[in-house]
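Undergrad: Take this structure first; my questions come after.
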Amino acid sequence: MTAPESTEILVIGAGPCGLAVGVAARQAGVGCVLLDRRTVVSTIERYPLGMTFFSTPEKIEIGGVPFIPSHEKPTRRDGLLYYRRVAEHFELDARPGEEVTAIRREPGGGFALEVARRHDRTTYRAENVVFATGYYDWPNLLGVPGENLPHVAHYFVEGHRHWHQDVVVIGAGNSAVDAALESWRAGARVALVHFGEGFDRVVKPWVLPDINNRVKEGSIRAWWRHRVLAITPAEVALESLATGERRRIPADQVLAMTGYHANTGLLADLGVPVDQETGVPAHDEATMMTPVPGCYLAGVIASGNDANRLFIENARGHGELVVRDVLRRAAEARRPTGVG
């Protein structure tokens with residue numbers, strides 16, 4: 001039986017913030033392996049085809065590599081190309097299709113990780129582990145009958161496939177607004193359902209007038225203060241939160257743009273406390289280390305339930321914080337102890 005592969009730092013998740021850890025480790029000469037259940041920056045890969053970043057390119061660069069987009073603001077395609085090139089430029093050891101399924105602390109220090117690959121299973125050993133898993137893999141479910149039907153999606157790709165169809169969009173944030181507008185422009189009959197009284201405050205200000213005008217003129221029907229009771233192959237059942245009245249609206253496609261959440265199960269297995277109200281795993285923001293020595297966070301997983309608090313622009317520096325602390329702890333471990 002061969003011994004598990006070992007590394008100084010193992011990063012779970014190869015999104016932009018995970019890559020930033022790998023870049024910082026490479027620049028510091030520290031061994032680092034990045035594992036991702038899908039591929040590098042898979043969140044960006046699953047964005048709508050026509051998505052444009054909020055941020056300008058220099059604010060989402062990592063490793064000092066210039067980001068030169070095709071437009072003033074980078075597109076999804078620009079982002080995929082850029083981050084692939086960063087991974088290749090620094091020769092990062094990023095391994096797609098490897099999912100960490102279990103993790104435990106070793107009695108002598110460090111961590112053992114069980115990993116499922118496409119063709120087999122393996123084990124890694126790491127002195128330090130960094131959770132950079134984001135949140136986009138785990139949609140917030142409605143918990144209603146019919147949510148698992150094939151015409152229900154929690155990810156929006158493009159409007160073209162919804163031409164001349166009845167499309168029900170659930171939610172009122174940026175993803176819901178983009179899905180509603182793009183589907184309507186592609187010729188869909190769009191209804192938008194939300195339990196609140198209007199669009200979320202985080203909706204992009206340059207898009208808000210457009211969606212408000214479409215609702216005002218009746219091009220997109222908005223069912224405010226309604227909740228979804230059930231989804232059938234042809235309809236969505238709604239209930240008014242104000243009156244209790246129930247109705248059914250036609251639905252060839254249902255786009256449940258209800259947001260996403262971080263999966264903190266593996267962190268909990270290690271004994272990392274997670275705040276039940278905020279969803280924030282306990283950590284030191286100066287080092288990104290959790291109360292479990294050698295276990296770190298990077299990226300949006302550190303923001304808990306508020307996914308709008310951290311994003312590439314203000315979390316890309318986590319990699320440098322993590323690697324700096326790994327080096328500090330390694331130096332302290334080598335320092336002689338005792339009285340001379």
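To be explicit about the labels: the chains of the structure tokens are called A, B, and onward in the order shown, and within each one the residues are counted from 1, while ligands get numbers from 1 in the order they are shown.
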Find the residues near stretch 31-39 of chain A: any atom within 8 Å, counting only C-alpha atoms, skip ones fewer than 3 places away on the same chain, and give them as a list in words.

TA: Thr7, Glu8, Ile9, Leu10, Val11, Ile12, Gly13, Ala14, Gly18, Leu19, Gly22, Ala25, Arg26, Ser42, Leu92, Asp93, Ala94, Arg95, Pro96, Gly97, Glu98, Glu99 and Val100 of chain A

Undergrad: Export N, CA, C and O atoms of the chosen residues as a PDB file, in the first residue's frame?

TA:
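What landed in again.pdb:
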ATOM      1  N   THR A   7       1.599  17.246   1.252  1.00  0.00           N
ATOM      2  CA  THR A   7       1.913  18.602   0.824  1.00  0.00           C
ATOM      3  C   THR A   7       1.861  19.529   2.027  1.00  0.00           C
ATOM      4  O   THR A   7       1.222  19.210   3.044  1.00  0.00           O
ATOM      5  N   GLU A   8       2.503  20.656   1.925  1.00  0.00           N
ATOM      6  CA  GLU A   8       2.489  21.635   3.022  1.00  0.00           C
ATOM      7  C   GLU A   8       1.111  22.285   3.144  1.00  0.00           C
ATOM      8  O   GLU A   8       0.573  22.440   4.237  1.00  0.00           O
ATOM      9  N   ILE A   9       0.538  22.678   2.007  1.00  0.00           N
ATOM     10  CA  ILE A   9      -0.784  23.313   1.997  1.00  0.00           C
ATOM     11  C   ILE A   9      -1.662  22.577   0.998  1.00  0.00           C
ATOM     12  O   ILE A   9      -1.257  22.352  -0.149  1.00  0.00           O
ATOM     13  N   LEU A  10      -2.851  22.208   1.415  1.00  0.00           N
ATOM     14  CA  LEU A  10      -3.837  21.677   0.486  1.00  0.00           C
ATOM     15  C   LEU A  10      -5.042  22.602   0.491  1.00  0.00           C
ATOM     16  O   LEU A  10      -5.615  22.897   1.539  1.00  0.00           O
ATOM     17  N   VAL A  11      -5.402  23.090  -0.694  1.00  0.00           N
ATOM     18  CA  VAL A  11      -6.521  24.022  -0.847  1.00  0.00           C
ATOM     19  C   VAL A  11      -7.715  23.263  -1.411  1.00  0.00           C
ATOM     20  O   VAL A  11      -7.607  22.599  -2.444  1.00  0.00           O
ATOM     21  N   ILE A  12      -8.840  23.360  -0.719  1.00  0.00           N
ATOM     22  CA  ILE A  12     -10.072  22.738  -1.189  1.00  0.00           C
ATOM     23  C   ILE A  12     -10.858  23.809  -1.940  1.00  0.00           C
ATOM     24  O   ILE A  12     -11.411  24.721  -1.341  1.00  0.00           O
ATOM     25  N   GLY A  13     -10.866  23.721  -3.254  1.00  0.00           N
ATOM     26  CA  GLY A  13     -11.545  24.713  -4.078  1.00  0.00           C
ATOM     27  C   GLY A  13     -10.547  25.516  -4.892  1.00  0.00           C
ATOM     28  O   GLY A  13      -9.618  26.103  -4.336  1.00  0.00           O
ATOM     29  N   ALA A  14     -10.734  25.539  -6.212  1.00  0.00           N
ATOM     30  CA  ALA A  14      -9.799  26.244  -7.095  1.00  0.00           C
ATOM     31  C   ALA A  14     -10.480  27.407  -7.806  1.00  0.00           C
ATOM     32  O   ALA A  14     -10.299  27.622  -9.003  1.00  0.00           O
ATOM     33  N   GLY A  18      -9.080  30.568  -4.117  1.00  0.00           N
ATOM     34  CA  GLY A  18      -8.242  29.386  -3.947  1.00  0.00           C
ATOM     35  C   GLY A  18      -6.971  29.492  -4.773  1.00  0.00           C
ATOM     36  O   GLY A  18      -5.869  29.176  -4.297  1.00  0.00           O
ATOM     37  N   LEU A  19      -7.101  29.972  -6.014  1.00  0.00           N
ATOM     38  CA  LEU A  19      -5.925  30.190  -6.855  1.00  0.00           C
ATOM     39  C   LEU A  19      -4.977  31.198  -6.216  1.00  0.00           C
ATOM     40  O   LEU A  19      -3.754  31.055  -6.299  1.00  0.00           O
ATOM     41  N   GLY A  22      -2.775  29.509  -3.899  1.00  0.00           N
ATOM     42  CA  GLY A  22      -1.757  28.790  -4.639  1.00  0.00           C
ATOM     43  C   GLY A  22      -0.665  29.700  -5.167  1.00  0.00           C
ATOM     44  O   GLY A  22       0.528  29.359  -5.120  1.00  0.00           O
ATOM     45  N   ALA A  25       1.522  30.798  -2.256  1.00  0.00           N
ATOM     46  CA  ALA A  25       2.381  29.686  -1.847  1.00  0.00           C
ATOM     47  C   ALA A  25       3.534  29.504  -2.836  1.00  0.00           C
ATOM     48  O   ALA A  25       4.686  29.305  -2.433  1.00  0.00           O
ATOM     49  N   ARG A  26       3.243  29.577  -4.127  1.00  0.00           N
ATOM     50  CA  ARG A  26       4.285  29.446  -5.146  1.00  0.00           C
ATOM     51  C   ARG A  26       5.325  30.542  -4.989  1.00  0.00           C
ATOM     52  O   ARG A  26       6.540  30.288  -5.055  1.00  0.00           O
ATOM     53  N   SER A  42     -14.829  27.194 -11.380  1.00  0.00           N
ATOM     54  CA  SER A  42     -16.050  26.585 -11.909  1.00  0.00           C
ATOM     55  C   SER A  42     -17.288  27.434 -11.636  1.00  0.00           C
ATOM     56  O   SER A  42     -18.287  27.320 -12.357  1.00  0.00           O
ATOM     57  N   LEU A  92       0.579  26.253 -11.206  1.00  0.00           N
ATOM     58  CA  LEU A  92      -0.082  25.778  -9.992  1.00  0.00           C
ATOM     59  C   LEU A  92      -0.462  24.306 -10.146  1.00  0.00           C
ATOM     60  O   LEU A  92      -0.855  23.848 -11.223  1.00  0.00           O
ATOM     61  N   ASP A  93      -0.347  23.580  -9.046  1.00  0.00           N
ATOM     62  CA  ASP A  93      -0.712  22.166  -9.031  1.00  0.00           C
ATOM     63  C   ASP A  93      -2.205  22.069  -8.711  1.00  0.00           C
ATOM     64  O   ASP A  93      -2.609  21.699  -7.604  1.00  0.00           O
ATOM     65  N   ALA A  94      -3.024  22.445  -9.694  1.00  0.00           N
ATOM     66  CA  ALA A  94      -4.480  22.421  -9.534  1.00  0.00           C
ATOM     67  C   ALA A  94      -5.025  21.163 -10.188  1.00  0.00           C
ATOM     68  O   ALA A  94      -4.719  20.874 -11.347  1.00  0.00           O
ATOM     69  N   ARG A  95      -5.839  20.413  -9.451  1.00  0.00           N
ATOM     70  CA  ARG A  95      -6.294  19.105  -9.908  1.00  0.00           C
ATOM     71  C   ARG A  95      -7.825  19.070  -9.976  1.00  0.00           C
ATOM     72  O   ARG A  95      -8.504  18.979  -8.958  1.00  0.00           O
ATOM     73  N   PRO A  96      -8.364  19.183 -11.191  1.00  0.00           N
ATOM     74  CA  PRO A  96      -9.827  19.151 -11.342  1.00  0.00           C
ATOM     75  C   PRO A  96     -10.383  17.757 -11.139  1.00  0.00           C
ATOM     76  O   PRO A  96      -9.681  16.751 -11.280  1.00  0.00           O
ATOM     77  N   GLY A  97     -11.675  17.703 -10.808  1.00  0.00           N
ATOM     78  CA  GLY A  97     -12.351  16.417 -10.660  1.00  0.00           C
ATOM     79  C   GLY A  97     -11.956  15.641  -9.428  1.00  0.00           C
ATOM     80  O   GLY A  97     -12.085  14.413  -9.407  1.00  0.00           O
ATOM     81  N   GLU A  98     -11.483  16.327  -8.391  1.00  0.00           N
ATOM     82  CA  GLU A  98     -11.116  15.663  -7.141  1.00  0.00           C
ATOM     83  C   GLU A  98     -11.898  16.311  -5.996  1.00  0.00           C
ATOM     84  O   GLU A  98     -11.684  17.479  -5.678  1.00  0.00           O
ATOM     85  N   GLU A  99     -12.785  15.540  -5.398  1.00  0.00           N
ATOM     86  CA  GLU A  99     -13.681  16.059  -4.364  1.00  0.00           C
ATOM     87  C   GLU A  99     -13.315  15.508  -2.992  1.00  0.00           C
ATOM     88  O   GLU A  99     -13.278  14.293  -2.787  1.00  0.00           O
ATOM     89  N   VAL A 100     -13.072  16.413  -2.056  1.00  0.00           N
ATOM     90  CA  VAL A 100     -12.777  16.001  -0.681  1.00  0.00           C
ATOM     91  C   VAL A 100     -14.082  15.553  -0.033  1.00  0.00           C
ATOM     92  O   VAL A 100     -15.039  16.323   0.071  1.00  0.00           O
TER      93      VAL A 100
END

Undergrad: Give one line per residue of stretch 121-214 of chain A that approaches stretch 264-272 of chain A to at most 10 Å, naming the two atoms of the closest pair and their distance in Å to one decimal, counting only C-alpha atoms; sort by chain then ascending residue number and deliver it as a Markdown table.

TA:
| residue | atom | partner | partner_atom | distance |
| --- | --- | --- | --- | --- |
| A:Phe131 | CA | A:Leu267 | CA | 8.2 |
| A:Thr133 | CA | A:Thr264 | CA | 9.2 |
| A:Tyr135 | CA | A:Thr264 | CA | 9.7 |

Undergrad: Residues at most 12 Å from A:Phe90, counting only C-alpha atoms, excluding those fewer than 6 positions away in the same chain, as a PyMOL selection string?

TA: chain A and resi 19-29+32+62-65+83-84

Undergrad: Which is closer to A:Pro293 than all the others in A:Arg161, A:His261, A:Arg329, A:Arg125, using only C-alpha atoms?

TA: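 Looking only at the distances to A:Pro293, the closest residue turns out to be A:Arg329.
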
Undergrad: Which value, in Å to one decimal, gives the distance between atom CA of A:Phe199 and atom CA of A:Val236?

TA: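 We find that atom CA of A:Phe199 and atom CA of A:Val236 lie 20.4 Å from each other.
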
Undergrad: At a cut-off of 12 Å, using only C-alpha atoms, what residues contact A:Asn314? Leave out same-chain residues fewer than 3 positions from it and give the result as an mmCIF file with all heavy atoms, in the first residue's frame.

TA:
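What landed in result_14.cif:
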data_model
loop_
_atom_site.group_PDB
_atom_site.id
_atom_site.type_symbol
_atom_site.label_atom_id
_atom_site.label_comp_id
_atom_site.auth_asym_id
_atom_site.auth_seq_id
_atom_site.Cartn_x
_atom_site.Cartn_y
_atom_site.Cartn_z
ATOM 1 N N PRO A 16 -11.129 31.741 -7.820
ATOM 2 C CA PRO A 16 -10.145 32.822 -7.780
ATOM 3 C C PRO A 16 -9.427 32.951 -6.439
ATOM 4 O O PRO A 16 -8.206 33.157 -6.410
ATOM 5 C CB PRO A 16 -10.978 34.068 -8.096
ATOM 6 C CG PRO A 16 -12.080 33.554 -8.963
ATOM 7 C CD PRO A 16 -12.420 32.202 -8.394
ATOM 8 N N CYS A 17 -10.150 32.823 -5.326
ATOM 9 C CA CYS A 17 -9.507 32.958 -4.016
ATOM 10 C C CYS A 17 -8.669 31.743 -3.669
ATOM 11 O O CYS A 17 -7.637 31.857 -3.002
ATOM 12 C CB CYS A 17 -10.559 33.228 -2.937
ATOM 13 S SG CYS A 17 -11.385 34.838 -3.136
ATOM 14 N N SER A 55 -16.921 44.306 -11.121
ATOM 15 C CA SER A 55 -15.649 44.974 -10.874
ATOM 16 C C SER A 55 -14.898 45.247 -12.172
ATOM 17 O O SER A 55 -15.045 44.523 -13.168
ATOM 18 C CB SER A 55 -14.762 44.130 -9.957
ATOM 19 O OG SER A 55 -15.399 43.850 -8.736
ATOM 20 N N LYS A 59 -9.252 45.157 -10.280
ATOM 21 C CA LYS A 59 -9.696 44.821 -8.928
ATOM 22 C C LYS A 59 -9.884 43.323 -8.709
ATOM 23 O O LYS A 59 -10.101 42.886 -7.578
ATOM 24 C CB LYS A 59 -10.997 45.563 -8.615
ATOM 25 C CG LYS A 59 -10.815 47.070 -8.523
ATOM 26 C CD LYS A 59 -12.113 47.773 -8.170
ATOM 27 C CE LYS A 59 -11.905 49.271 -8.040
ATOM 28 N NZ LYS A 59 -13.160 49.986 -7.707
ATOM 29 N N ILE A 60 -9.804 42.548 -9.794
ATOM 30 C CA ILE A 60 -9.942 41.102 -9.626
ATOM 31 C C ILE A 60 -8.721 40.363 -10.164
ATOM 32 O O ILE A 60 -8.758 39.151 -10.371
ATOM 33 C CB ILE A 60 -11.243 40.575 -10.286
ATOM 34 C CG1 ILE A 60 -11.328 40.978 -11.752
ATOM 35 C CG2 ILE A 60 -12.461 41.083 -9.526
ATOM 36 C CD1 ILE A 60 -12.554 40.394 -12.452
ATOM 37 N N GLU A 61 -7.639 41.100 -10.374
ATOM 38 C CA GLU A 61 -6.374 40.472 -10.728
ATOM 39 C C GLU A 61 -5.799 39.748 -9.515
ATOM 40 O O GLU A 61 -6.027 40.145 -8.370
ATOM 41 C CB GLU A 61 -5.364 41.521 -11.196
ATOM 42 C CG GLU A 61 -5.723 42.218 -12.491
ATOM 43 C CD GLU A 61 -4.764 43.349 -12.831
ATOM 44 O OE1 GLU A 61 -3.925 43.691 -11.969
ATOM 45 O OE2 GLU A 61 -4.868 43.894 -13.949
ATOM 46 N N ILE A 62 -5.029 38.698 -9.770
ATOM 47 C CA ILE A 62 -4.296 38.038 -8.694
ATOM 48 C C ILE A 62 -2.868 37.777 -9.156
ATOM 49 O O ILE A 62 -2.589 37.646 -10.350
ATOM 50 C CB ILE A 62 -4.963 36.710 -8.253
ATOM 51 C CG1 ILE A 62 -5.102 35.732 -9.427
ATOM 52 C CG2 ILE A 62 -6.309 36.971 -7.601
ATOM 53 C CD1 ILE A 62 -5.674 34.385 -9.031
ATOM 54 N N ALA A 298 -10.576 30.871 2.991
ATOM 55 C CA ALA A 298 -10.242 31.854 1.955
ATOM 56 C C ALA A 298 -11.471 32.081 1.097
ATOM 57 O O ALA A 298 -12.133 31.131 0.681
ATOM 58 C CB ALA A 298 -9.069 31.372 1.094
ATOM 59 N N GLY A 299 -11.792 33.340 0.872
ATOM 60 C CA GLY A 299 -12.910 33.661 0.001
ATOM 61 C C GLY A 299 -14.240 33.755 0.711
ATOM 62 O O GLY A 299 -14.319 33.952 1.922
ATOM 63 N N VAL A 300 -15.305 33.574 -0.047
ATOM 64 C CA VAL A 300 -16.648 33.884 0.414
ATOM 65 C C VAL A 300 -17.124 32.968 1.531
ATOM 66 O O VAL A 300 -18.042 33.330 2.275
ATOM 67 C CB VAL A 300 -17.636 33.835 -0.774
ATOM 68 C CG1 VAL A 300 -17.862 32.395 -1.212
ATOM 69 C CG2 VAL A 300 -18.949 34.514 -0.442
ATOM 70 N N ALA A 302 -15.886 32.601 4.231
ATOM 71 C CA ALA A 302 -15.660 33.327 5.481
ATOM 72 C C ALA A 302 -16.764 34.330 5.783
ATOM 73 O O ALA A 302 -16.804 34.890 6.880
ATOM 74 C CB ALA A 302 -14.312 34.048 5.435
ATOM 75 N N SER A 303 -17.672 34.567 4.824
ATOM 76 C CA SER A 303 -18.725 35.561 5.039
ATOM 77 C C SER A 303 -20.030 34.942 5.515
ATOM 78 O O SER A 303 -21.002 35.654 5.765
ATOM 79 C CB SER A 303 -18.971 36.352 3.757
ATOM 80 O OG SER A 303 -19.483 35.521 2.733
ATOM 81 N N ASN A 308 -22.856 38.548 -0.086
ATOM 82 C CA ASN A 308 -22.510 39.824 -0.723
ATOM 83 C C ASN A 308 -21.413 40.580 0.029
ATOM 84 O O ASN A 308 -20.965 41.627 -0.419
ATOM 85 C CB ASN A 308 -23.756 40.718 -0.831
ATOM 86 C CG ASN A 308 -24.788 40.142 -1.780
ATOM 87 O OD1 ASN A 308 -24.491 39.851 -2.929
ATOM 88 N ND2 ASN A 308 -26.006 39.957 -1.289
ATOM 89 N N ARG A 309 -20.974 40.036 1.169
ATOM 90 C CA ARG A 309 -19.958 40.749 1.952
ATOM 91 C C ARG A 309 -18.557 40.514 1.406
ATOM 92 O O ARG A 309 -17.704 41.400 1.456
ATOM 93 C CB ARG A 309 -20.035 40.311 3.425
ATOM 94 C CG ARG A 309 -19.105 41.090 4.343
ATOM 95 C CD ARG A 309 -19.401 40.784 5.794
ATOM 96 N NE ARG A 309 -19.010 39.437 6.172
ATOM 97 C CZ ARG A 309 -17.778 39.105 6.588
ATOM 98 N NH1 ARG A 309 -16.815 40.027 6.639
ATOM 99 N NH2 ARG A 309 -17.493 37.872 6.943
ATOM 100 N N LEU A 310 -18.301 39.314 0.913
ATOM 101 C CA LEU A 310 -16.987 38.995 0.370
ATOM 102 C C LEU A 310 -17.126 38.518 -1.073
ATOM 103 O O LEU A 310 -18.044 37.776 -1.406
ATOM 104 C CB LEU A 310 -16.311 37.894 1.196
ATOM 105 C CG LEU A 310 -15.833 38.282 2.601
ATOM 106 C CD1 LEU A 310 -15.331 37.054 3.335
ATOM 107 C CD2 LEU A 310 -14.739 39.334 2.531
ATOM 108 N N PHE A 311 -16.216 38.966 -1.913
ATOM 109 C CA PHE A 311 -16.169 38.538 -3.303
ATOM 110 C C PHE A 311 -14.723 38.661 -3.748
ATOM 111 O O PHE A 311 -13.842 38.959 -2.930
ATOM 112 C CB PHE A 311 -17.122 39.365 -4.178
ATOM 113 C CG PHE A 311 -17.217 40.807 -3.777
ATOM 114 C CD1 PHE A 311 -16.412 41.771 -4.369
ATOM 115 C CD2 PHE A 311 -18.108 41.209 -2.783
ATOM 116 C CE1 PHE A 311 -16.481 43.098 -3.987
ATOM 117 C CE2 PHE A 311 -18.195 42.547 -2.398
ATOM 118 C CZ PHE A 311 -17.367 43.489 -3.002
ATOM 119 N N GLY A 317 -6.928 38.879 -1.277
ATOM 120 C CA GLY A 317 -5.777 38.990 -0.397
ATOM 121 C C GLY A 317 -5.698 37.911 0.668
ATOM 122 O O GLY A 317 -4.691 37.823 1.387
ATOM 123 N N HIS A 318 -6.728 37.088 0.773
ATOM 124 C CA HIS A 318 -6.714 36.031 1.790
ATOM 125 C C HIS A 318 -5.545 35.077 1.595
ATOM 126 O O HIS A 318 -4.983 34.559 2.555
ATOM 127 C CB HIS A 318 -8.027 35.243 1.762
ATOM 128 C CG HIS A 318 -9.203 36.014 2.263
ATOM 129 N ND1 HIS A 318 -10.499 35.545 2.190
ATOM 130 C CD2 HIS A 318 -9.276 37.228 2.867
ATOM 131 C CE1 HIS A 318 -11.321 36.434 2.717
ATOM 132 N NE2 HIS A 318 -10.609 37.466 3.127
ATOM 133 N N GLY A 319 -5.173 34.833 0.336
ATOM 134 C CA GLY A 319 -4.077 33.909 0.068
ATOM 135 C C GLY A 319 -2.785 34.345 0.719
ATOM 136 O O GLY A 319 -2.074 33.530 1.331
#

Undergrad: What is the atom CA of A:Ile103 to atom CA of A:Glu88 distance in Å?

TA: 28.1 Å

Undergrad: Excluding same-chain residues fewer than 3 positions from A:Arg121, what lies within 12 Å of it counting only C-alpha atoms, as a list in words?

TA: Pro4, Gly97, Glu98, Glu99, Val100, Thr101, Ala102, Leu113, Glu114, Val115, Ala116, Arg117, Arg118 and Tyr124 of chain A

Undergrad: Since we have the selection now, will you write its residues out, keeping N, CA, C and O atoms, as a short mmCIF file (atom, residue, chain, number, x, y, z; two decimals), in the first residue's frame?

TA:
data_model
loop_
_atom_site.label_atom_id
_atom_site.label_comp_id
_atom_site.auth_asym_id
_atom_site.auth_seq_id
_atom_site.Cartn_x
_atom_site.Cartn_y
_atom_site.Cartn_z
N PRO A 4 0.07 8.01 1.52
CA PRO A 4 -0.69 9.14 0.96
C PRO A 4 0.25 10.24 0.47
O PRO A 4 1.32 10.47 1.05
N GLY A 97 -11.68 17.70 -10.81
CA GLY A 97 -12.35 16.42 -10.66
C GLY A 97 -11.96 15.64 -9.43
O GLY A 97 -12.09 14.41 -9.41
N GLU A 98 -11.48 16.33 -8.39
CA GLU A 98 -11.12 15.66 -7.14
C GLU A 98 -11.90 16.31 -6.00
O GLU A 98 -11.68 17.48 -5.68
N GLU A 99 -12.79 15.54 -5.40
CA GLU A 99 -13.68 16.06 -4.36
C GLU A 99 -13.31 15.51 -2.99
O GLU A 99 -13.28 14.29 -2.79
N VAL A 100 -13.07 16.41 -2.06
CA VAL A 100 -12.78 16.00 -0.68
C VAL A 100 -14.08 15.55 -0.03
O VAL A 100 -15.04 16.32 0.07
N THR A 101 -14.12 14.31 0.39
CA THR A 101 -15.33 13.75 0.98
C THR A 101 -15.26 13.61 2.50
O THR A 101 -16.28 13.50 3.17
N ALA A 102 -14.05 13.60 3.04
CA ALA A 102 -13.88 13.48 4.49
C ALA A 102 -12.52 14.05 4.87
O ALA A 102 -11.58 14.03 4.07
N LEU A 113 -7.02 13.66 4.28
CA LEU A 113 -8.20 13.97 3.49
C LEU A 113 -8.53 12.81 2.56
O LEU A 113 -7.66 12.34 1.82
N GLU A 114 -9.77 12.36 2.62
CA GLU A 114 -10.26 11.33 1.71
C GLU A 114 -10.84 12.03 0.48
O GLU A 114 -11.63 12.97 0.61
N VAL A 115 -10.42 11.59 -0.70
CA VAL A 115 -10.77 12.29 -1.94
C VAL A 115 -11.34 11.32 -2.96
O VAL A 115 -10.76 10.26 -3.21
N ALA A 116 -12.49 11.69 -3.52
CA ALA A 116 -13.09 10.91 -4.61
C ALA A 116 -12.69 11.53 -5.94
O ALA A 116 -12.84 12.73 -6.14
N ARG A 117 -12.15 10.68 -6.82
CA ARG A 117 -11.80 11.12 -8.17
C ARG A 117 -12.70 10.41 -9.17
O ARG A 117 -13.46 9.54 -8.81
N ARG A 118 -12.58 10.82 -10.42
CA ARG A 118 -13.48 10.25 -11.42
C ARG A 118 -13.29 8.74 -11.56
O ARG A 118 -14.24 8.01 -11.85
N TYR A 124 -4.93 12.15 0.79
CA TYR A 124 -3.85 13.14 0.86
C TYR A 124 -3.55 13.43 2.31
O TYR A 124 -4.43 13.32 3.18
#

Undergrad: Which residue out of A:Pro336, A:Pro48, A:Pro209, A:Gly218 has the minimum interatomic distance to A:Ala191 when only C-alpha atoms are used?

TA: A:Gly218

Undergrad: Go through stretch 106-278 of chain A and collect every residue that DSSP, computed from the backbone, puts in helix (DSSP H, G or I); the answer should be as a PyMOL selection string.

TA: chain A and resi 160-162+174-185+208-217+265-269

Undergrad: Could the residues in this selection be saved with C-alpha atoms as a PDB file, in the first residue's frame?

TA:
ATOM      1  CA  HIS A 160     -32.582  31.798 -25.907  1.00  0.00           C
ATOM      2  CA  ARG A 161     -33.737  28.383 -24.702  1.00  0.00           C
ATOM      3  CA  HIS A 162     -36.868  30.013 -23.220  1.00  0.00           C
ATOM      4  CA  ASN A 174     -29.348  40.166  -9.360  1.00  0.00           C
ATOM      5  CA  SER A 175     -29.588  36.603 -10.662  1.00  0.00           C
ATOM      6  CA  ALA A 176     -33.374  36.757 -10.801  1.00  0.00           C
ATOM      7  CA  VAL A 177     -33.373  40.147 -12.511  1.00  0.00           C
ATOM      8  CA  ASP A 178     -30.833  39.051 -15.115  1.00  0.00           C
ATOM      9  CA  ALA A 179     -32.743  35.829 -15.797  1.00  0.00           C
ATOM     10  CA  ALA A 180     -36.049  37.666 -16.115  1.00  0.00           C
ATOM     11  CA  LEU A 181     -34.731  40.357 -18.447  1.00  0.00           C
ATOM     12  CA  GLU A 182     -32.705  38.023 -20.667  1.00  0.00           C
ATOM     13  CA  SER A 183     -35.569  35.544 -20.968  1.00  0.00           C
ATOM     14  CA  TRP A 184     -38.045  38.322 -21.797  1.00  0.00           C
ATOM     15  CA  ARG A 185     -35.715  39.779 -24.426  1.00  0.00           C
ATOM     16  CA  LEU A 208     -32.840  48.489 -11.789  1.00  0.00           C
ATOM     17  CA  PRO A 209     -34.546  51.088 -14.051  1.00  0.00           C
ATOM     18  CA  ASP A 210     -34.811  48.509 -16.837  1.00  0.00           C
ATOM     19  CA  ILE A 211     -36.491  45.824 -14.741  1.00  0.00           C
ATOM     20  CA  ASN A 212     -38.730  48.356 -12.978  1.00  0.00           C
ATOM     21  CA  ASN A 213     -39.942  49.669 -16.337  1.00  0.00           C
ATOM     22  CA  ARG A 214     -40.657  46.172 -17.643  1.00  0.00           C
ATOM     23  CA  VAL A 215     -42.739  45.417 -14.539  1.00  0.00           C
ATOM     24  CA  LYS A 216     -44.503  48.781 -14.664  1.00  0.00           C
ATOM     25  CA  GLU A 217     -45.545  48.338 -18.286  1.00  0.00           C
ATOM     26  CA  GLY A 265     -20.023  20.231   6.919  1.00  0.00           C
ATOM     27  CA  LEU A 266     -16.330  19.357   6.615  1.00  0.00           C
ATOM     28  CA  LEU A 267     -15.369  22.311   8.803  1.00  0.00           C
ATOM     29  CA  ALA A 268     -17.785  21.073  11.448  1.00  0.00           C
ATOM     30  CA  ASP A 269     -16.233  17.604  11.194  1.00  0.00           C
TER      31      ASP A 269
END

Undergrad: Hey, what's within 6 Å of A:Phe111 if we count only C-alpha atoms and toss same-chain stuff fewer than 2 positions away? As a PyMOL selection string, please?

TA: chain A and resi 104-106+125-126

Undergrad: Can you tell me, as a ChimeraX atom specification, what residues are no more than 10 Å from A:Asp78 when counting only C-alpha atoms, ignoring any on the same chain fewer than 3 positions away?

TA: /A:52-53,57,67-71,73-75,81-83

Undergrad: When DSSP works through the backbone of this structure, what residues of stretch 60-298 of chain A end up as strand (DSSP E), shown as a PyMOL selection string?

TA: chain A and resi 93-96+98-105+111-117+121-131+152-153+166-170+189-194+220-224+226-231+235-240+246-250+253-256+295-297

Undergrad: Given the choices A:Asp120, A:Glu235, A:Glu285, A:Asp325, which gets closest to A:Val254 if the distance is worked out from only C-alpha atoms?

TA: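 Looking only at the distances to A:Val254, the closest residue turns out to be A:Glu235.
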
Undergrad: Compare A:Gly50, A:Thr287, A:Thr43, A:His151 by their minimum atom-to-atom distance to A:Trp138, counting only C-alpha atoms, and give me the closest one.

TA: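 With only C-alpha atoms as the atom set, the closest residue is A:Thr43.
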
Undergrad: When you count only C-alpha atoms, which of these residues is closest to A:Gly171: A:Gly196, A:Pro107, A:Gly244, A:Gly143?

TA: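 Closest to A:Gly171 of all the choices is A:Gly196.
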
Undergrad: Pick the closest to A:Lys204 from A:Glu245, A:Val41, A:His164, A:Phe54: which is it, counting only C-alpha atoms?

TA: A:Phe54
